[in-house]
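Trainee: File follows, work.tsv with TSV, C-alpha atoms:
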chain	number	residue	atom	x	y	z
A	13	MET	CA	-26.28	10.07	-2.82
A	14	THR	CA	-23.97	12.61	-1.23
A	15	ARG	CA	-22.62	9.90	1.05
A	16	LEU	CA	-21.93	7.71	-1.98
A	17	TYR	CA	-19.96	10.51	-3.65
A	18	ALA	CA	-17.92	10.99	-0.49
A	19	ILE	CA	-17.16	7.27	-0.31
A	20	LEU	CA	-16.09	7.20	-3.97
A	21	ALA	CA	-13.81	10.19	-3.41
A	22	ALA	CA	-12.25	8.47	-0.41
A	23	VAL	CA	-11.66	5.30	-2.44
A	24	VAL	CA	-9.94	7.26	-5.22
A	25	LEU	CA	-7.70	8.99	-2.69
A	26	ALA	CA	-6.89	5.72	-0.93
A	27	ILE	CA	-5.84	4.12	-4.23
A	28	SER	CA	-3.62	7.10	-5.05
A	29	LEU	CA	-2.00	7.05	-1.62
A	30	GLY	CA	-1.48	3.31	-1.86
A	31	ALA	CA	0.29	3.74	-5.18
A	32	MET	CA	2.55	6.36	-3.62
A	33	TRP	CA	3.43	3.99	-0.78
A	34	LEU	CA	4.29	1.17	-3.18
A	35	LEU	CA	6.47	3.42	-5.31
A	36	THR	CA	8.48	4.58	-2.34
A	37	MET	CA	8.79	1.23	-0.58
A	38	GLY	CA	9.82	-0.38	-3.85
A	39	SER	CA	12.56	2.18	-4.41
A	40	GLY	CA	13.95	1.67	-0.91
A	41	SER	CA	14.18	5.42	-0.36
A	42	ASP	CA	14.16	6.87	3.13
A	43	ASP	CA	11.23	9.01	4.19
A	44	LYS	CA	12.43	11.77	6.50
A	45	TYR	CA	8.82	12.55	7.40
A	46	ALA	CA	7.87	9.00	8.41
A	47	GLN	CA	7.41	9.87	12.08
A	48	CYS	CA	4.97	12.65	11.19
A	49	ARG	CA	2.63	10.62	9.03
A	50	SER	CA	-0.59	8.98	10.18
A	51	SER	CA	0.31	6.12	7.83
A	52	GLN	CA	3.34	5.20	5.76
A	53	ILE	CA	2.69	7.41	2.78
A	54	ALA	CA	5.43	8.84	0.65
A	55	GLY	CA	5.23	12.46	-0.35
A	56	GLY	CA	7.88	12.32	-3.06
A	57	ALA	CA	5.97	10.09	-5.46
A	58	ALA	CA	3.87	13.13	-6.49
A	59	ALA	CA	0.73	11.12	-7.26
A	60	ILE	CA	-1.30	13.94	-5.67
A	61	GLY	CA	-0.86	17.60	-6.52
A	62	GLY	CA	0.92	19.26	-9.37
A	63	PRO	CA	0.81	22.30	-11.62
A	64	PHE	CA	-2.35	24.37	-11.97
A	65	GLU	CA	-3.38	27.70	-13.45
A	66	LEU	CA	-6.24	29.57	-11.79
A	67	VAL	CA	-7.51	33.10	-11.12
A	68	ASN	CA	-7.16	35.04	-7.87
A	69	GLY	CA	-9.47	37.60	-6.27
A	70	LYS	CA	-7.94	40.41	-8.31
A	71	GLY	CA	-8.72	38.67	-11.58
A	72	GLU	CA	-5.07	37.78	-12.14
A	73	THR	CA	-4.06	34.42	-13.57
A	74	VAL	CA	-1.74	32.63	-11.18
A	75	THR	CA	-0.02	29.26	-11.07
A	76	ASP	CA	0.81	26.86	-8.26
A	77	LYS	CA	4.31	28.36	-8.21
A	78	ASP	CA	2.84	31.79	-7.50
A	79	VAL	CA	0.67	30.77	-4.55
A	80	ILE	CA	2.40	27.77	-2.97
A	81	THR	CA	5.52	29.60	-1.82
A	82	GLU	CA	5.64	28.07	1.67
A	83	PRO	CA	3.90	25.18	3.47
A	84	THR	CA	0.27	25.42	2.37
A	85	LEU	CA	-3.04	23.88	3.43
A	86	VAL	CA	-5.01	23.29	0.23
A	87	TYR	CA	-8.80	22.85	0.29
A	88	PHE	CA	-11.30	22.48	-2.55
A	89	GLY	CA	-14.79	23.83	-1.85
A	90	TYR	CA	-17.21	26.62	-2.80
A	91	THR	CA	-18.33	29.84	-1.19
A	92	PHE	CA	-22.06	29.02	-1.30
A	93	CYS	CA	-21.47	25.81	0.67
A	94	PRO	CA	-23.92	25.98	3.61
A	95	ASP	CA	-22.11	23.99	6.28
A	96	VAL	CA	-19.15	21.75	5.40
A	97	CYS	CA	-16.83	24.31	3.80
A	98	PRO	CA	-17.30	27.05	6.41
A	99	PHE	CA	-16.47	24.58	9.18
A	100	ASP	CA	-13.46	23.11	7.38
A	101	MET	CA	-12.02	26.45	6.34
A	102	SER	CA	-12.51	27.97	9.79
A	103	ARG	CA	-10.69	24.98	11.27
A	104	ASN	CA	-7.87	25.34	8.75
A	105	ALA	CA	-7.57	29.04	9.55
A	106	GLU	CA	-7.46	28.22	13.27
A	107	ALA	CA	-4.67	25.70	12.65
A	108	VAL	CA	-2.73	28.37	10.75
A	109	ASP	CA	-3.13	30.75	13.71
A	110	ILE	CA	-1.95	28.10	16.18
A	111	LEU	CA	1.15	27.50	14.07
A	112	ALA	CA	1.78	31.25	13.76
A	113	LYS	CA	1.88	31.53	17.55
A	114	ARG	CA	4.59	28.86	17.48
A	115	GLY	CA	6.59	30.82	14.92
A	116	GLN	CA	5.67	28.57	11.98
A	117	SER	CA	4.22	30.14	8.84
A	118	VAL	CA	1.62	28.27	6.79
A	119	THR	CA	-0.69	29.59	4.06
A	120	PRO	CA	-4.36	28.56	3.85
A	121	LEU	CA	-5.46	28.09	0.23
A	122	PHE	CA	-9.06	27.74	-0.99
A	123	ILE	CA	-9.78	26.54	-4.54
A	124	SER	CA	-13.37	26.88	-5.73
A	125	ILE	CA	-15.07	23.99	-7.51
A	126	ASP	CA	-18.05	26.22	-8.41
A	127	PRO	CA	-16.65	28.56	-11.08
A	128	ASP	CA	-20.10	29.59	-12.35
A	129	ARG	CA	-20.93	31.45	-9.12
A	130	ASP	CA	-17.48	31.94	-7.61
A	131	THR	CA	-16.18	34.83	-9.67
A	132	PRO	CA	-12.83	36.43	-8.81
A	133	GLU	CA	-14.69	39.14	-6.88
A	134	VAL	CA	-16.64	36.56	-4.88
A	135	VAL	CA	-13.59	34.54	-3.86
A	136	GLY	CA	-11.72	37.76	-3.11
A	137	ASP	CA	-14.43	38.83	-0.67
A	138	TYR	CA	-14.51	35.33	0.77
A	139	ALA	CA	-10.80	35.39	1.53
A	140	PHE	CA	-10.95	38.91	2.97
A	141	ASN	CA	-13.74	37.98	5.37
A	142	LEU	CA	-12.36	34.62	6.49
A	143	HIS	CA	-8.66	35.12	7.21
A	144	GLU	CA	-6.03	37.74	6.48
A	145	ARG	CA	-3.64	35.15	5.02
A	146	LEU	CA	-6.16	33.16	3.01
A	147	ILE	CA	-5.63	32.90	-0.74
A	148	ALA	CA	-8.84	32.02	-2.63
A	149	LEU	CA	-8.81	31.00	-6.28
A	150	THR	CA	-11.33	30.28	-8.99
A	151	GLY	CA	-11.05	29.97	-12.77
A	152	SER	CA	-12.72	28.68	-15.87
A	153	PRO	CA	-14.50	25.32	-15.64
A	154	GLU	CA	-11.55	23.79	-17.49
A	155	GLN	CA	-8.97	25.30	-15.13
A	156	VAL	CA	-10.90	24.19	-12.05
A	157	LYS	CA	-11.32	20.68	-13.42
A	158	ALA	CA	-7.60	20.38	-14.14
A	159	ALA	CA	-6.66	21.52	-10.63
A	160	SER	CA	-9.19	19.13	-9.07
A	161	GLN	CA	-7.90	16.22	-11.11
A	162	ALA	CA	-4.32	16.99	-10.09
A	163	TYR	CA	-5.30	16.68	-6.43
A	164	LYS	CA	-7.60	13.68	-7.01
A	165	THR	CA	-10.63	15.49	-5.62
A	166	TYR	CA	-14.26	14.94	-6.57
A	167	TYR	CA	-17.08	17.42	-7.21
A	168	LYS	CA	-20.46	17.36	-8.91
A	169	ALA	CA	-22.99	20.17	-9.04
A	170	HIS	CA	-26.70	19.56	-8.57
A	171	ASP	CA	-29.28	20.93	-11.00
A	172	LYS	CA	-28.06	24.42	-11.86
A	173	SER	CA	-31.52	25.58	-12.89
A	174	ASP	CA	-31.94	26.18	-9.17
A	175	GLU	CA	-29.92	29.27	-8.27
A	176	TYR	CA	-29.33	27.80	-4.82
A	177	TYR	CA	-27.92	24.54	-6.15
A	178	LEU	CA	-25.47	22.60	-4.00
A	179	VAL	CA	-22.23	20.93	-5.08
A	180	ASP	CA	-21.16	17.54	-3.76
A	181	HIS	CA	-17.41	17.42	-3.21
A	182	SER	CA	-14.62	15.70	-1.34
A	183	THR	CA	-13.49	17.44	1.83
A	184	PHE	CA	-9.83	16.61	2.33
A	185	THR	CA	-7.28	19.25	3.22
A	186	TYR	CA	-3.79	18.75	1.79
A	187	LEU	CA	-0.45	19.84	3.21
A	188	VAL	CA	1.78	20.87	0.32
A	189	THR	CA	5.21	22.50	0.25
A	190	PRO	CA	7.13	24.08	-2.65
A	191	GLU	CA	10.06	21.72	-2.06
A	192	ASP	CA	8.34	18.36	-1.54
A	193	GLY	CA	4.87	18.81	-2.99
A	194	PHE	CA	2.12	16.81	-1.30
A	195	LEU	CA	3.04	15.59	2.18
A	196	GLU	CA	-0.14	14.70	4.05
A	197	PHE	CA	-3.92	14.93	3.99
A	198	PHE	CA	-6.40	15.72	6.76
A	199	LYS	CA	-9.96	14.52	7.20
A	200	ARG	CA	-12.94	16.44	8.50
A	201	GLU	CA	-12.59	14.70	11.84
A	202	ASP	CA	-9.17	16.23	12.48
A	203	THR	CA	-9.26	19.20	14.84
A	204	ALA	CA	-7.32	22.44	14.38
A	205	GLN	CA	-5.00	21.42	17.21
A	206	GLN	CA	-4.35	18.00	15.68
A	207	MET	CA	-3.66	19.57	12.30
A	208	ALA	CA	-1.30	22.14	13.80
A	209	ASP	CA	0.62	19.47	15.71
A	210	LYS	CA	1.04	17.27	12.65
A	211	VAL	CA	1.93	20.14	10.31
A	212	GLY	CA	4.40	21.36	12.93
A	213	CYS	CA	6.05	17.94	12.90
A	214	PHE	CA	6.55	18.13	9.14
A	215	LEU	CA	7.98	21.64	9.37
A	216	ASP	CA	10.34	20.63	12.17
A	217	GLN	CA	11.59	17.69	10.13
A	218	ALA	CA	12.01	19.82	7.03
A	219	GLY	CA	14.25	22.19	8.97
A	220	SER	CA	16.29	19.52	10.71
What does the file become when written as structure tokens?

Mentor:
Amino acid sequence: MTRLYAILAAVVLAISLGAMWLLTMGSGSDDKYAQCRSSQIAGGAAAIGGPFELVNGKGETVTDKDVITEPTLVYFGYTFCPDVCPFDMSRNAEAVDILAKRGQSVTPLFISIDPDRDTPEVVGDYAFNLHERLIALTGSPEQVKAASQAYKTYYKAHDKSDEYYLVDHSTFTYLVTPEDGFLEFFKREDTAQQMADKVGCFLDQAGS
């Protein structure tokens, strides 16, 4: 069943990305990031990403404008996740460190899709323990749902009568900038080095 959910999430994302490609190709606009992309996907169509309002580890309500102030790697997961999220977030943090050594600043951002257990205090501790630059957010079920829908992600909790319930969810990481919005997505198979190289390409092009 989990595999089916992952496939459905991938299909939804593929449809969204395809729509973005058609919009850009139809408009005849130039894509300055074309050489950086794994496929011809336009970032400017804004089919993925957008405004959100969530809560940070201090209990403060923040918006996308408050937290996406530089190139950002956005990931949706949950702190109780036993294997997938820890691996993905550790890889994202490693990619951020690789880029930092090259003089390129990128923020790792974690958005919880398990608001019942991931209180502001929980995500605050999660961020503190994982990476000094990590921003971790949670929110009400409605806020989390709105953010997830904006980024075309999928999540579904198992039976919550079990305190150790799991949550099925998509596992893409998104590169987003304040200026251009969504630029690229990364799969679980991408390594930290591959991510850093591709993100670095986007940042180089943005500054050229």

Trainee: Give me the residues within 12 Å of Lys70 of chain A as an NGL selection string, counting only C-alpha atoms and dropping any in the same chain fewer than 2 places off.

Mentor: :A and (66-68 or 72-74 or 131-137 or 139-140 or 147-151)

Trainee: List the spatial neighbours of Pro63 of chain A as a list in words - criterion: any atom at most 8 Å away, all atoms listed in the file, same-chain residues fewer than 2 positions off excluded.

Mentor: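 So the residues in contact are Gly61, Glu65, Thr75, Asp76, Lys77, Ala159 and Ala162 of chain A.
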
Trainee: Just write the chosen residues, C-alpha atoms, as an mmCIF file, in the coordinates of the input.

Mentor:
data_model
loop_
_atom_site.group_PDB
_atom_site.id
_atom_site.type_symbol
_atom_site.label_atom_id
_atom_site.label_comp_id
_atom_site.auth_asym_id
_atom_site.auth_seq_id
_atom_site.Cartn_x
_atom_site.Cartn_y
_atom_site.Cartn_z
ATOM 1 C CA GLY A 61 -0.860 17.600 -6.520
ATOM 2 C CA GLU A 65 -3.380 27.700 -13.450
ATOM 3 C CA THR A 75 -0.020 29.260 -11.070
ATOM 4 C CA ASP A 76 0.810 26.860 -8.260
ATOM 5 C CA LYS A 77 4.310 28.360 -8.210
ATOM 6 C CA ALA A 159 -6.660 21.520 -10.630
ATOM 7 C CA ALA A 162 -4.320 16.990 -10.090
#

Trainee: With all atoms listed in the file as the counted atoms, please give the residues lying no more than 9 Å from Phe92 of chain A, apart from itself and same-chain residues fewer than 5 positions off, as a ChimeraX atom specification.

Mentor: /A:97,126,129-130,176-179

Trainee: Separation of atom CA of Ala218 of chain A and atom CA of Arg114 of chain A, in Å?

Mentor: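 Those two atoms sit 15.7 Å apart.
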
Trainee: Which of these, A:Leu111, A:Tyr87, A:Asp192, A:Arg49, has the shortest distance to Lys164 of chain A once you count only C-alpha atoms?

Mentor: A:Tyr87

Trainee: What is the atom CA of Pro83 of chain A-atom CA of Phe184 of chain A distance in Å, reported with one decimal?

Mentor: 16.2 Å

Trainee: Enter the distance from atom CA of Pro190 of chain A to atom CA of Ser152 of chain A, in Å, rounded to one decimal.

Mentor: 24.3 Å

Trainee: Could you tell me which of A:Leu85, A:Ala112, A:Gln161, A:Val79 comes closest to Glu196 of chain A if we count all atoms listed in the file?

Mentor: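 Answer, going by the shortest atom-to-atom distance: A:Leu85.
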
Trainee: With all atoms listed in the file as the basis for distance, which of A:Arg145, A:Ile123, A:Tyr186, A:Gly69 is at the shortest distance from Ala158 of chain A?

Mentor: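 Checking each candidate against Ala158 of chain A, we get A:Ile123 as the closest.
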
Trainee: Which residues, protein or nucleic acid, reach to within 8 Å of (1.5, 18.4, 6.2) in the file's coordinates when using all atoms listed in the file, and can you give that as a list of chain:residue names?

Mentor: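 Those within range, by chain then number, are A:Pro83, A:Leu85, A:Tyr186, A:Leu187, A:Val188, A:Phe194, A:Leu195, A:Glu196, A:Phe197, A:Lys210, A:Val211, A:Gly212, A:Phe214, A:Leu215.
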
Trainee: Do a neighbour search on Lys44 of chain A at 9 Å with all atoms listed in the file, toss out local chain neighbours closer than 2 positions, and write the hits as a list in words.

Mentor: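 Once the adjacent positions are removed, what remains is Asp42, Ala46, Gln47, Cys48, Gln217 and Ala218 of chain A.
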
Trainee: From the list A:Glu82, A:Glu154, A:Asp100, A:Asp180, which residue is nearest Val118 of chain A when using only C-alpha atoms?

Mentor: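 Using only C-alpha atoms, the shortest distance to Val118 of chain A belongs to A:Glu82.
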
Trainee: Return the single residue from A:Asp128, A:Pro120, A:Glu144, A:Tyr163 that is closest to Arg103 of chain A, with distances computed using all atoms listed in the file.

Mentor: A:Pro120

Trainee: Considering all atoms listed in the file, state which residue in the set A:Pro127, A:Lys172, A:Thr185, A:Val156 is at the smallest distance from Phe198 of chain A.

Mentor: A:Thr185
